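J.: This is the content of upload23.cif (mmCIF, C-alpha atoms):
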data_protein
loop_
_atom_site.group_PDB
_atom_site.id
_atom_site.type_symbol
_atom_site.label_atom_id
_atom_site.label_comp_id
_atom_site.auth_asym_id
_atom_site.auth_seq_id
_atom_site.Cartn_x
_atom_site.Cartn_y
_atom_site.Cartn_z
ATOM 1 C CA MET A 1 36.710 56.430 5.081
ATOM 2 C CA LYS A 2 34.969 59.644 6.123
ATOM 3 C CA LYS A 3 35.951 61.184 2.786
ATOM 4 C CA LYS A 4 34.271 58.314 0.891
ATOM 5 C CA ILE A 5 31.046 58.719 2.894
ATOM 6 C CA LEU A 6 31.116 62.463 2.284
ATOM 7 C CA SER A 7 31.596 61.937 -1.482
ATOM 8 C CA ALA A 8 28.656 59.536 -1.625
ATOM 9 C CA ALA A 9 26.462 61.972 0.284
ATOM 10 C CA LEU A 10 27.399 64.795 -2.087
ATOM 11 C CA ALA A 11 26.534 62.580 -5.088
ATOM 12 C CA LEU A 12 23.110 61.902 -3.557
ATOM 13 C CA ALA A 13 22.500 65.597 -2.956
ATOM 14 C CA ALA A 14 23.516 66.481 -6.524
ATOM 15 C CA THR A 15 21.146 63.872 -7.960
ATOM 16 C CA MET A 16 18.240 65.192 -5.883
ATOM 17 C CA SER A 17 19.025 68.739 -7.074
ATOM 18 C CA LEU A 18 18.861 67.605 -10.694
ATOM 19 C CA THR A 19 15.491 65.950 -10.048
ATOM 20 C CA THR A 20 14.098 69.208 -8.669
ATOM 21 C CA ALA A 21 15.565 71.327 -11.486
ATOM 22 C CA PHE A 22 14.117 69.222 -14.308
ATOM 23 C CA ALA A 23 10.751 68.378 -12.788
ATOM 24 C CA GLU A 24 7.844 69.683 -14.863
ATOM 25 C CA GLU A 25 6.537 73.069 -13.816
ATOM 26 C CA PRO A 26 2.976 73.369 -12.486
ATOM 27 C CA GLY A 27 0.484 74.485 -15.110
ATOM 28 C CA ALA A 28 2.074 72.759 -18.106
ATOM 29 C CA THR A 29 -0.541 72.153 -20.812
ATOM 30 C CA ASN A 30 0.820 69.083 -22.595
ATOM 31 C CA GLU A 31 -1.437 66.655 -20.745
ATOM 32 C CA PRO A 32 -3.656 64.315 -22.826
ATOM 33 C CA GLY A 33 -7.194 65.612 -23.262
ATOM 34 C CA ALA A 34 -6.305 69.271 -22.677
ATOM 35 C CA THR A 35 -8.955 71.766 -23.896
ATOM 36 C CA ASN A 36 -8.347 73.093 -27.399
ATOM 37 C CA GLU A 37 -7.920 76.817 -26.822
ATOM 38 C CA ASN A 38 -7.409 77.495 -30.548
ATOM 39 C CA VAL A 39 -11.121 77.381 -31.454
ATOM 40 C CA THR A 40 -13.240 80.527 -31.031
ATOM 41 C CA THR A 41 -16.874 81.143 -31.987
ATOM 42 C CA VAL A 42 -18.220 84.631 -32.694
ATOM 43 C CA THR A 43 -21.677 85.770 -33.845
ATOM 44 C CA PHE A 44 -22.303 89.063 -35.620
ATOM 45 C CA LYS A 45 -24.920 90.950 -37.649
ATOM 46 C CA VAL A 46 -24.466 91.556 -41.361
ATOM 47 C CA PRO A 47 -26.467 94.533 -42.742
ATOM 48 C CA GLY A 48 -26.897 92.931 -46.166
ATOM 49 C CA LYS A 49 -23.153 92.839 -46.713
ATOM 50 C CA LEU A 50 -20.006 93.161 -44.641
ATOM 51 C CA GLU A 51 -16.466 93.311 -45.980
ATOM 52 C CA GLY A 52 -12.872 94.371 -45.516
ATOM 53 C CA ASP A 53 -11.937 96.063 -42.253
ATOM 54 C CA ALA A 54 -15.532 95.925 -40.962
ATOM 55 C CA LEU A 55 -15.653 92.139 -41.380
ATOM 56 C CA ASN A 56 -12.177 91.734 -39.896
ATOM 57 C CA THR A 57 -13.321 93.652 -36.816
ATOM 58 C CA ALA A 58 -16.431 91.459 -36.509
ATOM 59 C CA VAL A 59 -14.372 88.254 -36.793
ATOM 60 C CA PHE A 60 -11.253 89.112 -34.769
ATOM 61 C CA ALA A 61 -12.504 91.921 -32.485
ATOM 62 C CA ASP A 62 -9.610 92.972 -30.211
ATOM 63 C CA SER A 63 -7.868 89.570 -30.179
ATOM 64 C CA GLY A 64 -4.802 90.919 -31.966
ATOM 65 C CA LYS A 65 -5.109 88.143 -34.580
ATOM 66 C CA ASP A 66 -5.669 88.368 -38.331
ATOM 67 C CA TRP A 67 -6.186 86.047 -41.302
ATOM 68 C CA SER A 68 -2.556 84.897 -41.210
ATOM 69 C CA ASN A 69 -3.291 83.259 -37.841
ATOM 70 C CA VAL A 70 -6.346 81.332 -39.100
ATOM 71 C CA GLU A 71 -6.206 77.623 -39.916
ATOM 72 C CA SER A 72 -9.875 77.471 -40.946
ATOM 73 C CA VAL A 73 -13.152 79.302 -40.400
ATOM 74 C CA LYS A 74 -16.702 78.042 -40.829
ATOM 75 C CA PHE A 75 -19.409 80.641 -41.505
ATOM 76 C CA THR A 76 -23.048 79.622 -40.926
ATOM 77 C CA SER A 77 -26.393 81.430 -41.074
ATOM 78 C CA ASP A 78 -30.132 80.776 -41.415
ATOM 79 C CA THR A 79 -29.998 82.973 -44.526
ATOM 80 C CA LYS A 80 -28.277 81.996 -47.741
ATOM 81 C CA PHE A 81 -25.243 84.146 -48.371
ATOM 82 C CA SER A 82 -22.125 84.403 -50.502
ATOM 83 C CA VAL A 83 -18.494 84.499 -49.380
ATOM 84 C CA GLN A 84 -15.957 86.254 -51.597
ATOM 85 C CA PHE A 85 -12.377 87.364 -51.114
ATOM 86 C CA SER A 86 -9.543 89.240 -52.774
ATOM 87 C CA THR A 87 -6.712 87.135 -54.204
ATOM 88 C CA THR A 88 -3.491 87.681 -56.162
ATOM 89 C CA ALA A 89 -2.984 86.857 -59.807
ATOM 90 C CA GLU A 90 0.015 84.716 -58.890
ATOM 91 C CA THR A 91 -2.075 82.320 -56.801
ATOM 92 C CA THR A 92 -5.301 82.198 -58.810
ATOM 93 C CA LYS A 93 -4.429 82.308 -62.501
ATOM 94 C CA ASP A 94 -5.413 85.980 -62.885
ATOM 95 C CA ILE A 95 -8.607 85.652 -60.814
ATOM 96 C CA THR A 96 -8.216 88.537 -58.371
ATOM 97 C CA TRP A 97 -11.722 88.342 -56.882
ATOM 98 C CA PHE A 98 -12.749 84.849 -55.771
ATOM 99 C CA THR A 99 -16.416 83.853 -55.256
ATOM 100 C CA MET A 100 -16.810 80.596 -53.394
ATOM 101 C CA GLY A 101 -18.920 78.052 -55.250
ATOM 102 C CA VAL A 102 -18.336 79.828 -58.573
ATOM 103 C CA ASP A 103 -14.563 79.975 -58.942
ATOM 104 C CA ASP A 104 -13.815 76.719 -57.121
ATOM 105 C CA ASP A 105 -13.687 74.661 -60.302
ATOM 106 C CA LYS A 106 -11.040 76.985 -61.726
ATOM 107 C CA ILE A 107 -8.792 76.566 -58.699
ATOM 108 C CA ILE A 108 -9.783 73.398 -56.841
ATOM 109 C CA THR A 109 -11.525 71.395 -59.606
ATOM 110 C CA ARG A 110 -14.941 71.565 -58.014
ATOM 111 C CA ALA A 111 -17.736 71.666 -60.615
ATOM 112 C CA ASP A 112 -20.285 73.737 -58.707
ATOM 113 C CA ASP A 113 -20.737 76.906 -60.750
ATOM 114 C CA GLU A 114 -24.282 77.657 -59.585
ATOM 115 C CA ALA A 115 -23.662 77.302 -55.867
ATOM 116 C CA LYS A 116 -22.942 80.940 -55.040
ATOM 117 C CA TRP A 117 -25.528 81.052 -52.260
ATOM 118 C CA ASN A 118 -25.464 78.743 -49.288
ATOM 119 C CA THR A 119 -26.080 78.767 -45.522
ATOM 120 C CA THR A 120 -22.651 77.327 -44.707
ATOM 121 C CA TRP A 121 -19.200 78.114 -46.048
ATOM 122 C CA THR A 122 -15.837 76.862 -44.813
ATOM 123 C CA LEU A 123 -12.581 78.591 -45.607
ATOM 124 C CA ASP A 124 -9.820 76.045 -45.071
ATOM 125 C CA GLU A 125 -6.107 76.305 -45.800
ATOM 126 C CA THR A 126 -6.718 75.786 -49.526
ATOM 127 C CA TYR A 127 -8.766 78.982 -49.742
ATOM 128 C CA LEU A 128 -6.745 80.917 -47.171
ATOM 129 C CA SER A 129 -3.564 80.282 -49.176
ATOM 130 C CA LEU A 130 -5.131 82.283 -52.037
ATOM 131 C CA PHE A 131 -5.676 85.435 -49.958
ATOM 132 C CA ASP A 132 -4.118 88.718 -50.968
ATOM 133 C CA THR A 133 -2.094 89.161 -47.781
ATOM 134 C CA SER A 134 -1.107 92.709 -48.727
ATOM 135 C CA LYS A 135 -4.583 93.821 -47.618
ATOM 136 C CA PRO A 136 -5.172 95.128 -44.059
ATOM 137 C CA GLY A 137 -5.634 92.187 -41.708
ATOM 138 C CA LYS A 138 -3.791 89.944 -44.218
ATOM 139 C CA GLY A 139 -6.952 89.462 -46.259
ATOM 140 C CA TYR A 140 -10.051 91.139 -47.725
ATOM 141 C CA VAL A 141 -13.218 89.050 -47.300
ATOM 142 C CA LYS A 142 -16.814 89.884 -48.151
ATOM 143 C CA ILE A 143 -20.028 88.288 -46.855
ATOM 144 C CA VAL A 144 -23.231 89.287 -48.676
ATOM 145 C CA ASN A 145 -26.811 88.064 -49.071
ATOM 146 C CA GLU A 146 -28.851 88.171 -52.279
ATOM 147 C CA ASP A 147 -30.452 91.607 -51.889
ATOM 148 C CA GLU A 148 -27.408 93.170 -50.154
ATOM 149 C CA LYS A 149 -29.797 95.049 -47.814
ATOM 150 C CA ALA A 150 -31.656 92.720 -45.431
ATOM 151 C CA GLU A 151 -29.819 92.171 -42.148
ATOM 152 C CA PHE A 152 -28.889 88.611 -41.220
ATOM 153 C CA THR A 153 -26.822 86.887 -38.538
ATOM 154 C CA VAL A 154 -23.645 84.928 -39.161
ATOM 155 C CA THR A 155 -21.753 82.653 -36.764
ATOM 156 C CA ALA A 156 -18.067 82.110 -37.381
ATOM 157 C CA GLU A 157 -16.258 79.124 -35.850
ATOM 158 C CA ILE A 158 -12.588 80.035 -36.124
ATOM 159 C CA THR A 159 -9.776 77.548 -35.688
ATOM 160 C CA TYR A 160 -6.473 79.308 -35.136
ATOM 161 C CA LYS A 161 -3.075 77.871 -35.947
ATOM 162 C CA ALA A 162 -1.311 76.318 -32.967
ATOM 163 C CA GLY A 163 0.498 78.990 -30.986
ATOM 164 C CA ALA A 164 -1.016 81.891 -32.939
ATOM 165 C CA ASN A 165 -0.178 84.932 -30.784
ATOM 166 C CA ASN A 166 -0.728 82.851 -27.646
ATOM 167 C CA GLY A 167 2.876 82.372 -26.548
ATOM 168 C CA ASP A 168 5.462 84.649 -24.994
ATOM 169 C CA ASP A 169 8.407 83.895 -27.250
ATOM 170 C CA ASN A 170 9.504 85.955 -30.234
ATOM 171 C CA ASN A 171 7.743 83.740 -32.783
ATOM 172 C CA GLY A 172 4.289 83.949 -31.257
ATOM 173 C CA GLY A 173 4.359 80.277 -30.332
ATOM 174 C CA ALA A 174 3.746 78.761 -26.961
ATOM 175 C CA THR A 175 6.820 78.706 -24.754
ATOM 176 C CA ASN A 176 8.128 75.172 -24.306
ATOM 177 C CA LYS A 177 7.650 73.725 -20.843
ATOM 178 C CA PRO A 178 10.226 71.397 -19.279
ATOM 179 C CA THR A 179 9.302 67.812 -19.996
ATOM 180 C CA GLY A 180 8.996 64.958 -17.553
ATOM 181 C CA ILE A 181 11.884 62.955 -19.057
ATOM 182 C CA ALA A 182 14.123 63.778 -16.099
ATOM 183 C CA LEU A 183 11.528 62.250 -13.795
ATOM 184 C CA ALA A 184 12.217 58.891 -15.438
ATOM 185 C CA ILE A 185 16.004 59.332 -15.304
ATOM 186 C CA ALA A 186 16.220 60.687 -11.754
ATOM 187 C CA PRO A 187 15.208 57.460 -9.951
ATOM 188 C CA ALA A 188 18.104 55.638 -11.640
ATOM 189 C CA GLY A 189 20.498 58.317 -10.392
ATOM 190 C CA LEU A 190 19.074 58.087 -6.889
ATOM 191 C CA ALA A 191 19.465 54.317 -6.943
ATOM 192 C CA VAL A 192 23.155 54.632 -7.893
ATOM 193 C CA ALA A 193 23.740 57.119 -5.085
ATOM 194 C CA PHE A 194 22.052 54.901 -2.500
ATOM 195 C CA VAL A 195 24.001 51.846 -3.649
ATOM 196 C CA THR A 196 27.228 53.842 -3.337
ATOM 197 C CA VAL A 197 26.375 54.908 0.218
ATOM 198 C CA ALA A 198 25.378 51.348 1.135
ATOM 199 C CA ALA A 199 28.625 49.942 -0.281
ATOM 200 C CA VAL A 200 30.746 52.416 1.653
ATOM 201 C CA MET A 201 28.889 51.716 4.908
ATOM 202 C CA SER A 202 29.179 47.952 4.379
ATOM 203 C CA LYS A 203 32.914 48.232 3.740
ATOM 204 C CA LYS A 204 33.303 50.326 6.854
ATOM 205 C CA LYS A 205 31.607 47.636 9.000
ATOM 206 C CA LYS A 206 33.767 44.862 7.511
ATOM 207 C CA GLY A 207 36.878 46.919 8.156
#
With the file now loaded, output its structure as structure tokens.
T.:
Amino acid sequence: MKKKILSAALALAATMSLTTAFAEEPGATNEPGATNENVTTVTFKVPGKLEGDALNTAVFADSGKDWSNVESVKFTSDTKFSVQFSTTAETTKDITWFTMGVDDDKIITRADDEAKWNTTWTLDETYLSLFDTSKPGKGYVKIVNEDEKAEFTVTAEITYKAGANNGDDNNGGATNKPTGIALAIAPAGLAVAFVTVAAVMSKKKKG
């Protein structure tokens, strides 16, 4: 009889150990309504025009990210400006220098040939997929106003791809946290253990 009680107690202890091992770690970020840490806003001066490495530095600073990490970016200014970027012939039907608002109809069927100058431009995945990724920073982008001399200010709202250089695994993604599934399973295991102990004790009394 003592052996049966001991076995039941060991089963209870094992179940409680499993509950502790699988419980979600503090600081997990998969809760509903968590802050989106993938959106960054930067503001910088453009001395008439800014392009290539200089623009990459203004946009990414020392974040360690580049255009391959970007899901979309929205450029805005009080001054009308043009956004252009280097592409590859394979992706753009031999257009190797893309001017937004002018070349859109050739790639994205957008009839807007005169709209080279605007106060807002958004580079989404459609445009980003055209980038010449062999360039430093995985892309060569140019921002310029009409006279190419007068300084103006641009704000860039950058949305990064999920897990872009934010995790600590080999793929740059966020490390997976243990889920709370075990928390739902553990009570059932505890119930079985308690029933087993109760049954053994009841049998002992009847004996």
J.: Quick one: which residues end up in the PyMOL selection byres ((chain A and resi 69) around 8) for this structure, as a list in words?
T.: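 Evaluating the PyMOL selection byres ((chain A and resi 69) around 8) on this file yields Lys65, Asp66, Trp67, Ser68, Val70, Glu71, Tyr160, Lys161, Ala164 and Asn165 of chain A.
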J.: If we count all atoms listed in the file and set the cut-off at 12 Å, which residues sit around A:Gln84, ignoring sequence neighbours fewer than 3 positions away in its own chain? Please answer as a PyMOL selection string.
T.: chain A and resi 49-52+55+81+87+95-104+116-117+121-123+127-128+130-131+139-145
J.: Have a look at atom CA of A:Thr88 and atom CA of A:Asp124 and let me know their distance in Å, one decimal.
T.: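 Rounded to one decimal, the two atoms are 17.3 Å apart.
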J.: Hey, can you pull every residue with an atom no more than 8 Å from (-18.5, 79.9, -38.4), using all atoms listed in the file, and send it as an mmCIF file with C-alpha atoms, in the frame of the given file?
T.:
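Result file is selection.cif:
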data_model
loop_
_atom_site.group_PDB
_atom_site.id
_atom_site.type_symbol
_atom_site.label_atom_id
_atom_site.label_comp_id
_atom_site.auth_asym_id
_atom_site.auth_seq_id
_atom_site.Cartn_x
_atom_site.Cartn_y
_atom_site.Cartn_z
ATOM 1 C CA THR A 41 -16.874 81.143 -31.987
ATOM 2 C CA VAL A 42 -18.220 84.631 -32.694
ATOM 3 C CA VAL A 73 -13.152 79.302 -40.400
ATOM 4 C CA LYS A 74 -16.702 78.042 -40.829
ATOM 5 C CA PHE A 75 -19.409 80.641 -41.505
ATOM 6 C CA THR A 76 -23.048 79.622 -40.926
ATOM 7 C CA THR A 120 -22.651 77.327 -44.707
ATOM 8 C CA TRP A 121 -19.200 78.114 -46.048
ATOM 9 C CA THR A 122 -15.837 76.862 -44.813
ATOM 10 C CA VAL A 154 -23.645 84.928 -39.161
ATOM 11 C CA THR A 155 -21.753 82.653 -36.764
ATOM 12 C CA ALA A 156 -18.067 82.110 -37.381
ATOM 13 C CA GLU A 157 -16.258 79.124 -35.850
ATOM 14 C CA ILE A 158 -12.588 80.035 -36.124
#
J.: Please determine, counting only C-alpha atoms, which residue among A:Thr126, A:Ser72, A:Asn118, A:Thr153 has the shortest atom-to-atom distance to A:Ala58.
T.: A:Thr153
J.: In Å, rounded to a single decimal, give me how far atom CA of A:Asp147 is from atom CA of A:Asn56.
T.: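 For atom CA of A:Asn56 relative to atom CA of A:Asp147, the distance reads 21.9 Å.
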J.: Would you work out the distance separating atom CA of A:Glu146 from atom CA of A:Lys45, expressed in Å to one decimal?
T.: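 Interatomic distance, atom CA of A:Glu146 to atom CA of A:Lys45: 15.4 Å.
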J.: Go through A:Asp53, A:Asp62, A:Lys149, A:Thr159 and flag the residue nearest A:Thr40, using all atoms listed in the file for the distances.
T.: A:Thr159
J.: Would you save stretch 119-143 of chain A from the block above with C-alpha atoms, as a PDB file, in the first residue's frame?
T.:
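Below is the file that was written, result-v5.pdb:
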ATOM      1  CA  THR A 119       4.868  66.052 -51.143  1.00  0.00           C
ATOM      2  CA  THR A 120       4.258  62.394 -50.280  1.00  0.00           C
ATOM      3  CA  TRP A 121       5.676  59.192 -51.715  1.00  0.00           C
ATOM      4  CA  THR A 122       5.262  55.640 -50.444  1.00  0.00           C
ATOM      5  CA  LEU A 123       7.593  52.831 -51.393  1.00  0.00           C
ATOM      6  CA  ASP A 124       5.742  49.587 -50.725  1.00  0.00           C
ATOM      7  CA  GLU A 125       6.745  46.017 -51.519  1.00  0.00           C
ATOM      8  CA  THR A 126       5.858  46.495 -55.194  1.00  0.00           C
ATOM      9  CA  TYR A 127       8.517  49.184 -55.593  1.00  0.00           C
ATOM     10  CA  LEU A 128      11.009  47.630 -53.182  1.00  0.00           C
ATOM     11  CA  SER A 129      10.940  44.385 -55.182  1.00  0.00           C
ATOM     12  CA  LEU A 130      12.361  46.342 -58.148  1.00  0.00           C
ATOM     13  CA  PHE A 131      15.454  47.556 -56.274  1.00  0.00           C
ATOM     14  CA  ASP A 132      18.920  46.740 -57.518  1.00  0.00           C
ATOM     15  CA  THR A 133      20.000  44.863 -54.394  1.00  0.00           C
ATOM     16  CA  SER A 134      23.606  44.663 -55.584  1.00  0.00           C
ATOM     17  CA  LYS A 135      24.017  48.298 -54.506  1.00  0.00           C
ATOM     18  CA  PRO A 136      25.402  49.160 -51.034  1.00  0.00           C
ATOM     19  CA  GLY A 137      22.595  48.981 -48.488  1.00  0.00           C
ATOM     20  CA  LYS A 138      20.638  46.695 -50.869  1.00  0.00           C
ATOM     21  CA  GLY A 139      19.351  49.674 -52.832  1.00  0.00           C
ATOM     22  CA  TYR A 140      20.221  53.060 -54.365  1.00  0.00           C
ATOM     23  CA  VAL A 141      17.533  55.703 -53.762  1.00  0.00           C
ATOM     24  CA  LYS A 142      17.515  59.393 -54.620  1.00  0.00           C
ATOM     25  CA  ILE A 143      15.357  62.190 -53.179  1.00  0.00           C
TER      26      ILE A 143
END
